[in-house]
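Colleague: Just one file: data-v8.txt, with compact mmCIF, C-alpha atoms.
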# COMPACT_ATOMS: atom_id res chain seq x y z
CA MET N 18 25.07 7.20 -5.10
CA ILE N 19 21.38 7.27 -5.95
CA TYR N 20 20.96 3.47 -6.01
CA LEU N 21 22.17 3.13 -2.45
CA GLN N 22 19.89 5.94 -1.27
CA LEU N 23 16.97 4.40 -3.17
CA PHE N 24 17.59 1.02 -1.57
CA TRP N 25 17.83 2.58 1.90
CA GLU N 26 14.63 4.64 1.52
CA PHE N 27 12.65 1.59 0.39
CA PHE N 28 14.26 -0.61 3.02
CA LYS N 29 12.90 1.78 5.65
CA THR N 30 9.49 1.75 3.96
CA GLY N 31 9.40 -2.05 3.94
CA LEU N 32 10.48 -2.19 7.57
CA PHE N 33 8.08 0.38 9.01
CA ALA N 34 4.98 0.31 6.79
CA VAL N 35 2.57 -1.95 8.64
CA GLY N 36 -0.69 -3.06 7.03
CA GLY N 37 0.09 -3.76 3.40
CA GLY N 38 0.39 -1.81 0.17
CA MET N 39 -1.62 1.27 1.03
CA ALA N 40 0.39 1.70 4.24
CA THR N 41 3.48 2.43 2.12
CA LEU N 42 1.80 5.53 0.65
CA PRO N 43 2.68 7.95 3.50
CA PHE N 44 6.30 6.74 3.30
CA LEU N 45 6.48 7.22 -0.47
CA SER N 46 4.90 10.64 -0.07
CA HIS N 47 7.55 11.57 2.48
CA ILE N 48 10.37 10.28 0.24
CA GLY N 49 9.08 12.44 -2.64
CA GLU N 50 8.90 15.51 -0.43
CA SER N 51 12.28 15.14 1.21
CA THR N 52 14.31 14.10 -1.87
CA GLY N 53 12.46 15.94 -4.65
CA TRP N 54 12.63 12.77 -6.78
CA TYR N 55 8.96 13.10 -7.81
CA THR N 56 5.94 15.29 -7.08
CA GLN N 57 2.83 14.29 -5.15
CA ALA N 58 0.83 14.47 -8.38
CA GLN N 59 3.24 12.01 -10.02
CA LEU N 60 2.89 9.72 -7.02
CA MET N 61 -0.89 9.74 -7.42
CA ASN N 62 -0.57 8.76 -11.06
CA MET N 63 1.75 5.94 -10.05
CA LEU N 64 -0.75 4.78 -7.45
CA ALA N 65 -3.54 4.77 -10.03
CA VAL N 66 -1.48 2.66 -12.45
CA SER N 67 -0.45 0.34 -9.59
CA GLU N 68 -4.08 -0.26 -8.69
CA SER N 69 -5.00 -0.99 -12.30
CA THR N 70 -2.31 -3.54 -13.16
CA PRO N 71 -1.69 -7.11 -12.01
CA GLY N 72 0.45 -7.60 -8.93
CA PRO N 73 0.31 -6.47 -5.29
CA ILE N 74 -0.18 -2.67 -5.07
CA GLY N 75 2.76 -2.16 -2.73
CA ILE N 76 5.18 -3.92 -5.07
CA ASN N 77 3.79 -2.16 -8.13
CA MET N 78 4.26 1.21 -6.45
CA ALA N 79 7.81 0.43 -5.36
CA THR N 80 8.69 -0.68 -8.88
CA TYR N 81 7.07 2.36 -10.46
CA VAL N 82 8.64 4.87 -8.09
CA GLY N 83 12.04 3.19 -8.50
CA PHE N 84 11.69 3.33 -12.29
CA THR N 85 10.73 7.01 -12.17
CA VAL N 86 13.76 7.83 -10.05
CA ALA N 87 16.44 5.73 -11.76
CA GLY N 88 15.12 3.67 -14.68
CA VAL N 89 15.10 -0.13 -14.82
CA PRO N 90 17.91 -0.60 -12.25
CA GLY N 91 16.00 1.78 -9.97
CA ALA N 92 12.85 -0.33 -10.32
CA VAL N 93 14.73 -3.49 -9.34
CA ILE N 94 16.60 -1.85 -6.47
CA ALA N 95 13.54 -0.13 -4.97
CA THR N 96 11.57 -3.39 -5.07
CA LEU N 97 14.40 -5.42 -3.55
CA GLY N 98 14.85 -2.73 -0.89
CA GLU N 99 11.20 -2.94 0.05
CA VAL N 100 11.05 -6.75 0.30
CA THR N 101 14.37 -7.29 2.13
CA PRO N 102 13.05 -6.35 5.61
CA SER N 103 9.99 -8.56 5.05
CA ILE N 104 12.16 -11.55 4.25
CA ILE N 105 14.34 -11.00 7.32
CA VAL N 106 11.43 -10.35 9.69
CA ILE N 107 9.35 -13.28 8.44
CA LEU N 108 12.25 -15.73 8.56
CA ILE N 109 12.84 -14.75 12.18
CA ILE N 110 9.16 -15.00 13.05
CA ALA N 111 8.80 -18.35 11.30
CA ALA N 112 11.50 -19.71 13.61
CA ILE N 113 9.64 -18.56 16.74
CA LEU N 114 6.10 -18.73 15.34
CA GLN N 115 4.36 -20.03 18.43
CA GLN N 116 5.97 -17.55 20.82
CA PHE N 117 5.27 -14.70 18.44
CA ARG N 118 1.58 -15.44 18.07
CA HIS N 119 1.02 -15.46 21.79
CA ASN N 120 3.42 -12.73 22.85
CA LYS N 121 1.47 -10.09 24.73
CA TYR N 122 3.93 -7.31 23.94
CA VAL N 123 3.51 -7.92 20.21
CA GLU N 124 -0.23 -7.76 20.69
CA PHE N 125 0.06 -4.58 22.80
CA ALA N 126 2.28 -2.88 20.24
CA PHE N 127 -0.25 -3.59 17.51
CA TYR N 128 -3.00 -2.07 19.61
CA GLY N 129 -1.17 1.24 19.13
CA LEU N 130 0.21 0.54 15.66
CA ARG N 131 -3.06 -0.14 13.88
CA PRO N 132 -4.76 3.23 14.53
CA ALA N 133 -1.43 4.99 13.85
CA SER N 134 -1.10 3.26 10.48
CA THR N 135 -4.65 4.35 9.64
CA GLY N 136 -3.83 7.88 10.79
CA LEU N 137 -0.76 8.02 8.53
CA ILE N 138 -2.74 6.87 5.51
CA GLY N 139 -5.44 9.38 6.45
CA ALA N 140 -2.87 12.18 6.55
CA ALA N 141 -1.55 11.17 3.12
CA CYS N 142 -5.15 11.06 1.94
CA ALA N 143 -5.78 14.61 3.23
CA GLY N 144 -2.66 15.72 1.39
CA VAL N 145 -3.77 14.29 -1.95
CA ILE N 146 -7.30 15.65 -1.53
CA VAL N 147 -5.96 19.16 -0.98
CA GLU N 148 -3.62 18.72 -3.93
CA THR N 149 -6.35 17.45 -6.26
CA LEU N 150 -9.51 19.27 -5.28
CA ILE N 151 -8.32 22.62 -3.98
CA ASN N 152 -6.70 25.25 -6.11
CA THR N 153 -3.82 26.32 -3.87
CA ALA N 154 -3.00 29.20 -6.24
CA ALA N 155 -6.26 30.85 -5.08
CA VAL N 156 -4.74 31.37 -1.64
CA SER N 157 -2.13 34.12 -1.74
CA THR N 158 -0.86 37.00 0.37
CA ALA N 159 -3.54 39.14 -1.24
CA GLY N 160 -6.21 36.96 0.41
CA VAL N 161 -8.32 34.06 -0.69
CA ASP N 162 -10.00 34.04 -4.08
CA TRP N 163 -13.11 32.12 -2.98
CA ALA N 164 -14.54 31.82 -6.50
CA SER N 165 -11.67 29.65 -7.74
CA LEU N 166 -10.67 28.01 -4.45
CA LEU N 167 -12.40 24.72 -5.12
CA LYS N 168 -12.02 22.67 -8.26
CA TRP N 169 -15.71 22.13 -8.87
CA GLN N 170 -15.45 19.58 -11.68
CA GLY N 171 -13.25 17.37 -9.55
CA LEU N 172 -15.45 17.76 -6.47
CA ILE N 173 -18.55 16.71 -8.39
CA LEU N 174 -16.79 13.66 -9.81
CA ALA N 175 -15.46 12.79 -6.33
CA ALA N 176 -18.95 13.05 -4.82
CA ILE N 177 -20.42 10.81 -7.52
CA LEU N 178 -17.62 8.25 -7.12
CA LEU N 179 -18.03 8.29 -3.35
CA VAL N 180 -21.72 7.41 -3.71
CA PHE N 181 -21.16 4.64 -6.28
CA THR N 182 -18.23 3.04 -4.42
CA ASN N 183 -19.99 3.01 -1.04
CA TRP N 184 -23.74 3.10 -1.20
CA VAL N 185 -24.99 1.83 -4.57
CA LYS N 186 -25.44 -1.92 -4.23
CA PRO N 187 -24.37 -3.35 -7.60
CA THR N 188 -21.54 -0.89 -8.26
CA LYS N 189 -19.87 -0.86 -4.85
CA LYS N 190 -18.57 -4.38 -5.48
CA TRP N 191 -16.92 -3.34 -8.75
CA HIS N 192 -13.18 -3.51 -9.01
CA PRO N 193 -11.41 -0.13 -8.61
CA ILE N 194 -10.04 -0.43 -12.14
CA ILE N 195 -13.56 0.19 -13.50
CA PHE N 196 -13.90 3.46 -11.57
CA ILE N 197 -10.38 4.47 -12.58
CA GLY N 198 -11.29 3.82 -16.24
CA ILE N 199 -14.51 5.83 -15.99
CA SER N 200 -12.66 8.70 -14.29
CA ALA N 201 -10.06 8.72 -17.07
CA VAL N 202 -12.82 9.08 -19.68
CA VAL N 203 -14.55 11.82 -17.65
CA GLY N 204 -11.19 13.58 -17.32
CA ILE N 205 -10.63 13.49 -21.08
CA VAL N 206 -14.18 14.59 -21.99
CA PHE N 207 -14.32 17.49 -19.51
CA ARG N 208 -10.61 18.41 -19.88
CA PHE N 209 -9.81 17.98 -16.19
CA GLY N 210 -6.17 18.74 -16.81
CA GLY N 211 -7.07 22.06 -18.38
CA VAL N 212 -5.23 21.26 -21.60
CA MET A 26 16.78 -27.09 -8.05
CA LYS A 27 13.51 -28.19 -9.58
CA LYS A 28 11.72 -27.44 -6.34
CA TYR A 29 12.99 -23.85 -6.25
CA TRP A 30 11.97 -23.35 -9.86
CA GLU A 31 8.48 -24.64 -9.10
CA LEU A 32 8.28 -22.31 -6.11
CA PHE A 33 9.33 -19.34 -8.24
CA ILE A 34 6.87 -20.11 -11.07
CA THR A 35 3.96 -20.77 -8.71
CA PHE A 36 4.45 -17.50 -6.85
CA ALA A 37 4.97 -15.60 -10.10
CA LYS A 38 1.55 -16.95 -11.09
CA VAL A 39 0.08 -15.75 -7.79
CA GLY A 40 1.67 -12.34 -8.41
CA VAL A 41 0.10 -12.01 -11.86
CA MET A 42 -3.31 -13.07 -10.62
CA THR A 43 -3.32 -10.77 -7.60
CA PHE A 44 -5.17 -7.72 -8.76
CA GLY A 45 -5.21 -5.03 -6.11
CA GLY A 46 -3.40 -6.63 -3.25
CA GLY A 47 -3.80 -7.70 0.33
CA MET A 48 -7.16 -9.37 0.68
CA ALA A 49 -7.51 -10.01 -3.06
CA MET A 50 -4.66 -12.48 -2.75
CA LEU A 51 -6.15 -14.90 -0.25
CA PRO A 52 -8.53 -16.79 -2.58
CA ILE A 53 -5.72 -17.13 -5.14
CA LEU A 54 -3.34 -18.51 -2.54
CA GLN A 55 -6.00 -20.95 -1.39
CA ARG A 56 -6.42 -22.27 -4.91
CA GLU A 57 -2.79 -22.34 -6.05
CA ILE A 58 -0.79 -23.13 -2.92
CA MET A 59 -3.30 -25.11 -0.89
CA GLU A 60 -5.61 -26.95 -3.32
CA ASN A 61 -3.41 -27.35 -6.41
CA LYS A 62 -0.01 -27.87 -4.79
CA GLY A 63 -0.99 -29.03 -1.32
CA TRP A 64 2.01 -27.16 0.09
CA VAL A 65 0.18 -25.86 3.14
CA THR A 66 -2.93 -26.70 5.11
CA GLU A 67 -5.81 -24.28 5.47
CA ASP A 68 -4.84 -23.54 9.09
CA GLU A 69 -1.24 -22.81 8.16
CA LEU A 70 -2.29 -20.50 5.36
CA THR A 71 -4.66 -18.61 7.65
CA ASP A 72 -1.88 -18.21 10.21
CA TYR A 73 0.64 -17.02 7.64
CA PHE A 74 -1.83 -14.59 6.19
CA ALA A 75 -2.81 -13.20 9.59
CA ILE A 76 0.81 -12.72 10.64
CA GLY A 77 1.65 -11.35 7.18
CA GLN A 78 -0.93 -8.64 7.75
CA CYS A 79 0.41 -7.52 11.09
CA THR A 80 4.12 -7.61 10.34
CA PRO A 81 5.92 -4.85 8.46
CA GLY A 82 5.89 -4.86 4.68
CA ILE A 83 3.70 -5.97 1.82
CA ILE A 84 1.26 -8.71 2.82
CA ALA A 85 1.83 -10.67 -0.41
CA VAL A 86 5.58 -10.73 0.17
CA ASN A 87 5.25 -11.71 3.82
CA THR A 88 2.96 -14.62 2.97
CA ALA A 89 5.20 -15.76 0.10
CA THR A 90 8.25 -15.75 2.37
CA PHE A 91 6.37 -17.83 4.94
CA VAL A 92 5.26 -20.50 2.47
CA GLY A 93 8.66 -20.60 0.76
CA GLN A 94 10.59 -21.05 3.97
CA LYS A 95 8.23 -23.78 5.11
CA LEU A 96 8.99 -25.78 1.95
CA CYS A 97 12.67 -25.07 1.32
CA GLY A 98 14.05 -23.08 4.24
CA ALA A 99 15.41 -19.54 4.08
CA LEU A 100 16.42 -19.80 0.42
CA GLY A 101 12.90 -20.97 -0.37
CA GLY A 102 11.52 -17.86 1.32
CA ILE A 103 13.71 -15.66 -0.85
CA VAL A 104 12.85 -17.56 -4.06
CA ALA A 105 9.09 -17.37 -3.39
CA THR A 106 9.35 -13.62 -2.75
CA LEU A 107 11.32 -13.04 -5.94
CA GLY A 108 8.61 -15.00 -7.74
CA VAL A 109 5.78 -12.91 -6.37
CA VAL A 110 7.44 -9.60 -7.30
CA PHE A 111 8.73 -10.69 -10.73
CA PRO A 112 5.53 -10.01 -12.74
CA SER A 113 5.17 -6.54 -11.18
CA LEU A 114 8.72 -5.66 -12.14
CA VAL A 115 8.18 -6.65 -15.77
CA ILE A 116 4.67 -5.23 -16.23
CA ILE A 117 5.20 -1.93 -14.41
CA THR A 118 8.56 -1.25 -16.04
CA ILE A 119 7.06 -1.67 -19.51
CA LEU A 120 3.98 0.41 -18.64
CA ALA A 121 5.98 3.14 -16.92
CA GLY A 122 8.19 3.47 -19.99
CA LEU A 123 5.15 3.77 -22.23
CA ILE A 124 3.35 6.27 -20.00
CA ASN A 125 6.44 8.46 -19.64
CA ASN A 126 6.64 8.65 -23.45
CA PHE A 127 3.04 9.74 -23.83
CA SER A 128 2.72 11.96 -20.77
CA ASP A 129 3.05 15.15 -22.82
CA LEU A 130 -0.14 14.46 -24.78
CA ALA A 131 -3.11 16.58 -23.77
CA TRP A 132 -5.56 13.69 -23.51
CA VAL A 133 -3.18 11.67 -21.34
CA GLN A 134 -2.82 14.62 -18.95
CA ASN A 135 -6.59 15.09 -18.82
CA ALA A 136 -7.13 11.38 -18.23
CA PHE A 137 -4.70 11.37 -15.32
CA ALA A 138 -6.31 14.50 -13.85
CA GLY A 139 -9.61 12.57 -13.82
CA ILE A 140 -7.91 9.47 -12.42
CA GLN A 141 -6.37 11.50 -9.58
CA VAL A 142 -9.86 12.40 -8.37
CA CYS A 143 -10.75 8.72 -8.38
CA VAL A 144 -7.59 7.84 -6.44
CA CYS A 145 -8.59 10.36 -3.74
CA VAL A 146 -11.91 8.57 -3.32
CA LEU A 147 -10.28 5.12 -3.32
CA ILE A 148 -7.79 6.12 -0.61
CA LEU A 149 -10.56 7.71 1.44
CA ASN A 150 -12.57 4.48 1.18
CA ALA A 151 -9.53 2.48 2.29
CA VAL A 152 -9.09 4.75 5.31
CA VAL A 153 -12.73 4.36 6.33
CA LYS A 154 -12.47 0.58 6.04
CA LEU A 155 -9.28 0.53 8.14
CA LEU A 156 -10.83 2.84 10.72
CA LYS A 157 -13.47 0.26 11.53
CA LYS A 158 -10.79 -2.33 12.26
CA SER A 159 -8.19 -0.20 14.02
CA VAL A 160 -10.13 2.33 16.08
CA VAL A 161 -11.76 0.10 18.67
CA ASP A 162 -12.06 2.42 21.68
CA LYS A 163 -11.39 5.99 22.88
CA ARG A 164 -7.64 5.53 23.25
CA THR A 165 -7.16 4.17 19.75
CA LEU A 166 -9.29 7.06 18.50
CA VAL A 167 -6.91 9.51 20.20
CA ILE A 168 -3.87 7.77 18.66
CA PHE A 169 -5.53 7.90 15.25
CA LEU A 170 -6.37 11.62 15.53
CA LEU A 171 -2.92 12.58 16.85
CA VAL A 172 -1.12 10.71 14.06
CA LEU A 173 -3.55 12.05 11.46
CA ALA A 174 -2.91 15.65 12.55
CA GLY A 175 0.82 15.14 13.08
CA GLY A 176 1.29 13.26 9.82
CA TYR A 177 -0.45 16.03 7.92
CA ALA A 178 1.04 19.07 9.62
CA LEU A 179 4.57 17.99 10.49
CA ASN A 180 7.25 17.11 7.99
CA VAL A 181 8.69 14.19 9.92
CA SER A 182 9.25 10.64 8.74
CA PRO A 183 6.32 8.25 9.29
CA VAL A 184 8.88 6.01 11.03
CA VAL A 185 8.66 8.31 14.07
CA PHE A 186 4.91 7.81 14.37
CA VAL A 187 5.17 4.05 13.91
CA VAL A 188 7.75 3.66 16.67
CA LEU A 189 5.95 6.03 19.08
CA SER A 190 2.55 4.41 18.56
CA ALA A 191 3.92 0.90 19.12
CA LEU A 192 5.41 2.13 22.41
CA ALA A 193 2.14 3.87 23.29
CA GLY A 194 0.26 0.62 22.67
CA ILE A 195 2.55 -1.31 25.01
CA VAL A 196 2.44 1.34 27.74
CA LEU A 197 -1.35 1.80 27.60
CA LYS A 198 -2.07 -1.93 27.66
CA GLN A 199 0.50 -2.55 30.36
CA LEU A 200 -1.11 0.08 32.60
CA GLU A 201 -4.48 -1.51 31.96
CA VAL A 202 -3.18 -4.94 32.99
CA LYS A 203 -1.64 -3.48 36.16
CA LYS A 204 -4.90 -1.81 37.14
CA ALA A 205 -6.91 -4.99 36.68
I'd like the structure from this file rewritten - as C-alpha cells, please.
Modeller:
Amino acid sequence: MIYLQLFWEFFKTGLFAVGGGMATLPFLSHIGESTGWYTQAQLMNMLAVSESTPGPIGINMATYVGFTVAGVPGAVIATLGEVTPSIIVILIIAAILQQFRHNKYVEFAFYGLRPASTGLIGAACAGVIVETLINTAAVSTAGVDWASLLKWQGLILAAILLVFTNWVKPTKKWHPIIFIGISAVVGIVFRFGGV
Amino acid sequence: MKKYWELFITFAKVGVMTFGGGMAMLPILQREIMENKGWVTEDELTDYFAIGQCTPGIIAVNTATFVGQKLCGALGGIVATLGVVFPSLVIITILAGLINNFSDLAWVQNAFAGIQVCVCVLILNAVVKLLKKSVVDKRTLVIFLLVLAGGYALNVSPVVFVVLSALAGIVLKQLEVKKA
C-alpha cells in the first residue's frame, strides 16, 4: 500500500525535521535512497522548482515528491503526512505555551539539535555536490581518471554563483529564483546535460 | 462557518505570497494577520514564529496552526494549515505534470543540469547561514562535525541523529549546570 507508506515516511519527516523547509532535505534524500522512489538528481530538480514557485519550500517539496511517487493522490497524502505532526505538536504546545517557553530541558535539547540539523543539511549538501560536480564514472577499479574526474563547466558556474550570492553587494540580495533562471540559461547554452 | 472560511482564505493568501519559505513569511504574516485582520498582536506573532522555528516541521505550517488555534481552537489550527498548503498543492501539481511531460526534451535536461549546480550553491549558502546560528561553541562544533560525517557516510535515518543530538544537548547542558 504505497499511500500508507508515503504518509508514514512524510509523517516521520514532519515530526523529526527541525528548522524549516531545508531541514526536510536530508529526510527526503534518505527516503529516495531507501525506497528507490526517485533519484537524488530528481530530488534536486524538485528542490529547484520548489524554490522557484510560490509557497513554503518544505510544502512544495512534499507535494512534488508525493506527486512524483504516486500522482495527485500522492501529492495530497505526502503533504498531509508532513503537516500532521506539526498540527499535533503545536496544538499541545499552545496549551502549555508558558511552560514550554521556559522549560530548561527543551532549551537544552535544542542546544544539541540545532548543530545536528545543520550537520544533516550539510551532509545532504555534500551528497548533492558530489553528485553534480564530480564525475563518479571516472573512479573505477582501474583507478581514477583524473582528467574527467571534475565537471569543469559546473565547477566554474558554481564558483561564479558562490561569489555573486555571497560577496557582490547588489546581487547577493537577489531572490534565488533569479540565479536559478540564469543557471537554467547557462545550462541550455553550454549543454550542461550533455544532450 | 464564515470564520473558518475566512481563516482558510487568509492563510491560502499567505501561502501564495510566501516565496521561498521560513523567514520570507514573517513580513507577509505581519501585514495580513496582524495589520489587516488584527487577529494577533505583534508579541504573539513573534512568539508563535519563534516557537514555530524550533519545533519540528515546516515553519509556515507551525505558525499557521498557532494562529488558527488561537482564533478557533483545534479545528481552526487545522483549517489554517490546510489554507497555507492549498496553493502549493495546486501550483506544484500542475507544474510537476507539465515538467514530467517535457523532461525528455534536450533543452529541458540541459536547463535542469544548470539549475542543479545552482541548487548546490544555494544549499551550501543555507548551511553557512545556519552554521553561524547553531554552532556557538566547541561542543556544538563537535556535534555538527559528527552529524555531518555520520550523515554523509552512514546510511541511517536522520531520525537517529535528531534523537541522539537532542539527548546530547540535555546531557551536556545538565553536566554544565551541575558543575556550576
Colleague: When distances are computed from all atoms listed in the file, which of N:Lys186, N:Lys121, N:Arg208, N:His192 shows the smallest separation from chain A?
Modeller: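 Nearest candidate to chain A out of N:Lys186, N:Lys121, N:Arg208, N:His192: N:Arg208.
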Colleague: Identify which of the residues A:Tyr29, A:Phe36, A:Tyr177, A:Trp64 lies closest to chain N, counting all atoms listed in the file when measuring atom-to-atom distances.
Modeller: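 The answer is A:Tyr177, which sits nearest to chain N.
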Colleague: Using only C-alpha atoms, find the one residue out of N:Thr153, N:Ser134, N:Asn77, N:Ser46 that sits nearest to Thr165 of chain A.
Modeller: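 When distances to Thr165 of chain A are compared using only C-alpha atoms, the smallest one comes from N:Ser134.
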Colleague: When you draw a straight line from atom CA of Asn126 of chain A to atom CA of Leu114 of chain A, how long is it in Å?
Modeller: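 The value is 18.4 Å.
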Colleague: Using atom CA of Ile110 of chain N and atom CA of Gly37 of chain N as the two end points, give the distance in Å to one decimal.
Modeller: 17.4 Å
Colleague: Near Gly144 of chain N, within 9 Å and counting all atoms listed in the file, which residues show up once chain neighbours fewer than 5 positions away are dropped, as a PyMOL selection string?
Modeller: (chain N and resi 57+139+149) or (chain A and resi 177)
Colleague: So what do you get for atom CA of Val212 of chain N versus atom CA of Ala131 of chain A, distance-wise?
Modeller: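 Between atom CA of Val212 of chain N and atom CA of Ala131 of chain A the gap is 5.6 Å.
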Colleague: Pick the closest to chain A from N:Ala87, N:Ile173, N:Ala159, N:Ala201: which is it, counting only C-alpha atoms?
Modeller: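 With only C-alpha atoms as the atom set, the closest residue is N:Ala201.
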Colleague: Using all atoms listed in the file for the distances, tell me which of A:Ser113, A:Thr71, A:Gln55, A:Ser128 is nearest to chain N.
Modeller: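 Closest to chain N of all the choices is A:Ser113.
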Colleague: Choose the residue, out of N:Ala65, N:Ile151, N:Ala34, N:Ile94, that has the smallest atom-to-atom separation from Ser165 of chain N; count all atoms listed in the file.
Modeller: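 For Ser165 of chain N, the nearest of the candidates is N:Ile151.
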Colleague: Around (4.2, -5.1, 11.8) in the file's frame, which residues reach within 9 Å when counting only C-alpha atoms? Return as a PDB file with C-alpha atoms, keeping the file's coordinate frame?
Modeller:
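Written out: selection-v9.pdb:
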ATOM      1  CA  LEU N  32      10.480  -2.190   7.570  1.00  0.00           C
ATOM      2  CA  PHE N  33       8.080   0.380   9.010  1.00  0.00           C
ATOM      3  CA  ALA N  34       4.980   0.310   6.790  1.00  0.00           C
ATOM      4  CA  VAL N  35       2.570  -1.950   8.640  1.00  0.00           C
ATOM      5  CA  GLY N  36      -0.690  -3.060   7.030  1.00  0.00           C
ATOM      6  CA  VAL N 123       3.510  -7.920  20.210  1.00  0.00           C
ATOM      7  CA  ALA N 126       2.280  -2.880  20.240  1.00  0.00           C
ATOM      8  CA  PHE N 127      -0.250  -3.590  17.510  1.00  0.00           C
ATOM      9  CA  LEU N 130       0.210   0.540  15.660  1.00  0.00           C
TER      10      LEU N 130
ATOM     11  CA  ILE A  76       0.810 -12.720  10.640  1.00  0.00           C
ATOM     12  CA  GLY A  77       1.650 -11.350   7.180  1.00  0.00           C
ATOM     13  CA  GLN A  78      -0.930  -8.640   7.750  1.00  0.00           C
ATOM     14  CA  CYS A  79       0.410  -7.520  11.090  1.00  0.00           C
ATOM     15  CA  THR A  80       4.120  -7.610  10.340  1.00  0.00           C
ATOM     16  CA  PRO A  81       5.920  -4.850   8.460  1.00  0.00           C
ATOM     17  CA  GLY A  82       5.890  -4.860   4.680  1.00  0.00           C
TER      18      GLY A  82
END
Colleague: List every protein, DNA or RNA residue that has an atom no more than 10 Å from (5.8, 1.5, -15.6) in the file's coordinate frame, counting all atoms listed in the file, and report them as a PyMOL selection string.
Modeller: (chain N and resi 63+66-67+70+77-78+80-85+88-89+92) or (chain A and resi 113-125)
Colleague: Assuming 5 Å of padding per side, give the centre and edge lengths of the axis-aligned box around every listed atom of segment 133-138 of chain N, in Å to one decimal and as JSON.
Modeller:
{"center_x": -2.7, "center_y": 5.6, "center_z": 9.7, "size_x": 13.9, "size_y": 14.8, "size_z": 18.3}
Colleague: So that I can see what lies close to Thr101 of chain N, please list as a PyMOL selection string the residues with an atom at most 10 Å from it, counting all atoms listed in the file and leaving out residues fewer than 2 positions away in the same chain.
Modeller: (chain N and resi 24+27-29+31-32+96-99+103-106) or (chain A and resi 82+86+103+106)
Colleague: Any chance you could export the current selection's C-alpha atoms as a PDB file, in the frame of the given file?
Modeller:
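And here's out-v1.pdb as it stands now:
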ATOM      1  CA  PHE N  24      17.590   1.020  -1.570  1.00  0.00           C
ATOM      2  CA  PHE N  27      12.650   1.590   0.390  1.00  0.00           C
ATOM      3  CA  PHE N  28      14.260  -0.610   3.020  1.00  0.00           C
ATOM      4  CA  LYS N  29      12.900   1.780   5.650  1.00  0.00           C
ATOM      5  CA  GLY N  31       9.400  -2.050   3.940  1.00  0.00           C
ATOM      6  CA  LEU N  32      10.480  -2.190   7.570  1.00  0.00           C
ATOM      7  CA  THR N  96      11.570  -3.390  -5.070  1.00  0.00           C
ATOM      8  CA  LEU N  97      14.400  -5.420  -3.550  1.00  0.00           C
ATOM      9  CA  GLY N  98      14.850  -2.730  -0.890  1.00  0.00           C
ATOM     10  CA  GLU N  99      11.200  -2.940   0.050  1.00  0.00           C
ATOM     11  CA  SER N 103       9.990  -8.560   5.050  1.00  0.00           C
ATOM     12  CA  ILE N 104      12.160 -11.550   4.250  1.00  0.00           C
ATOM     13  CA  ILE N 105      14.340 -11.000   7.320  1.00  0.00           C
ATOM     14  CA  VAL N 106      11.430 -10.350   9.690  1.00  0.00           C
TER      15      VAL N 106
ATOM     16  CA  GLY A  82       5.890  -4.860   4.680  1.00  0.00           C
ATOM     17  CA  VAL A  86       5.580 -10.730   0.170  1.00  0.00           C
ATOM     18  CA  ILE A 103      13.710 -15.660  -0.850  1.00  0.00           C
ATOM     19  CA  THR A 106       9.350 -13.620  -2.750  1.00  0.00           C
TER      20      THR A 106
END
Colleague: Skip segment 146-148 of chain N itself and residues of its chain fewer than 4 positions away, then list as a ChimeraX atom specification all residues within 12 Å of it, counting only C-alpha atoms.
Modeller: /N:56-61,139-142,152-154,166-168,171-172,175 /A:138,141-149,177
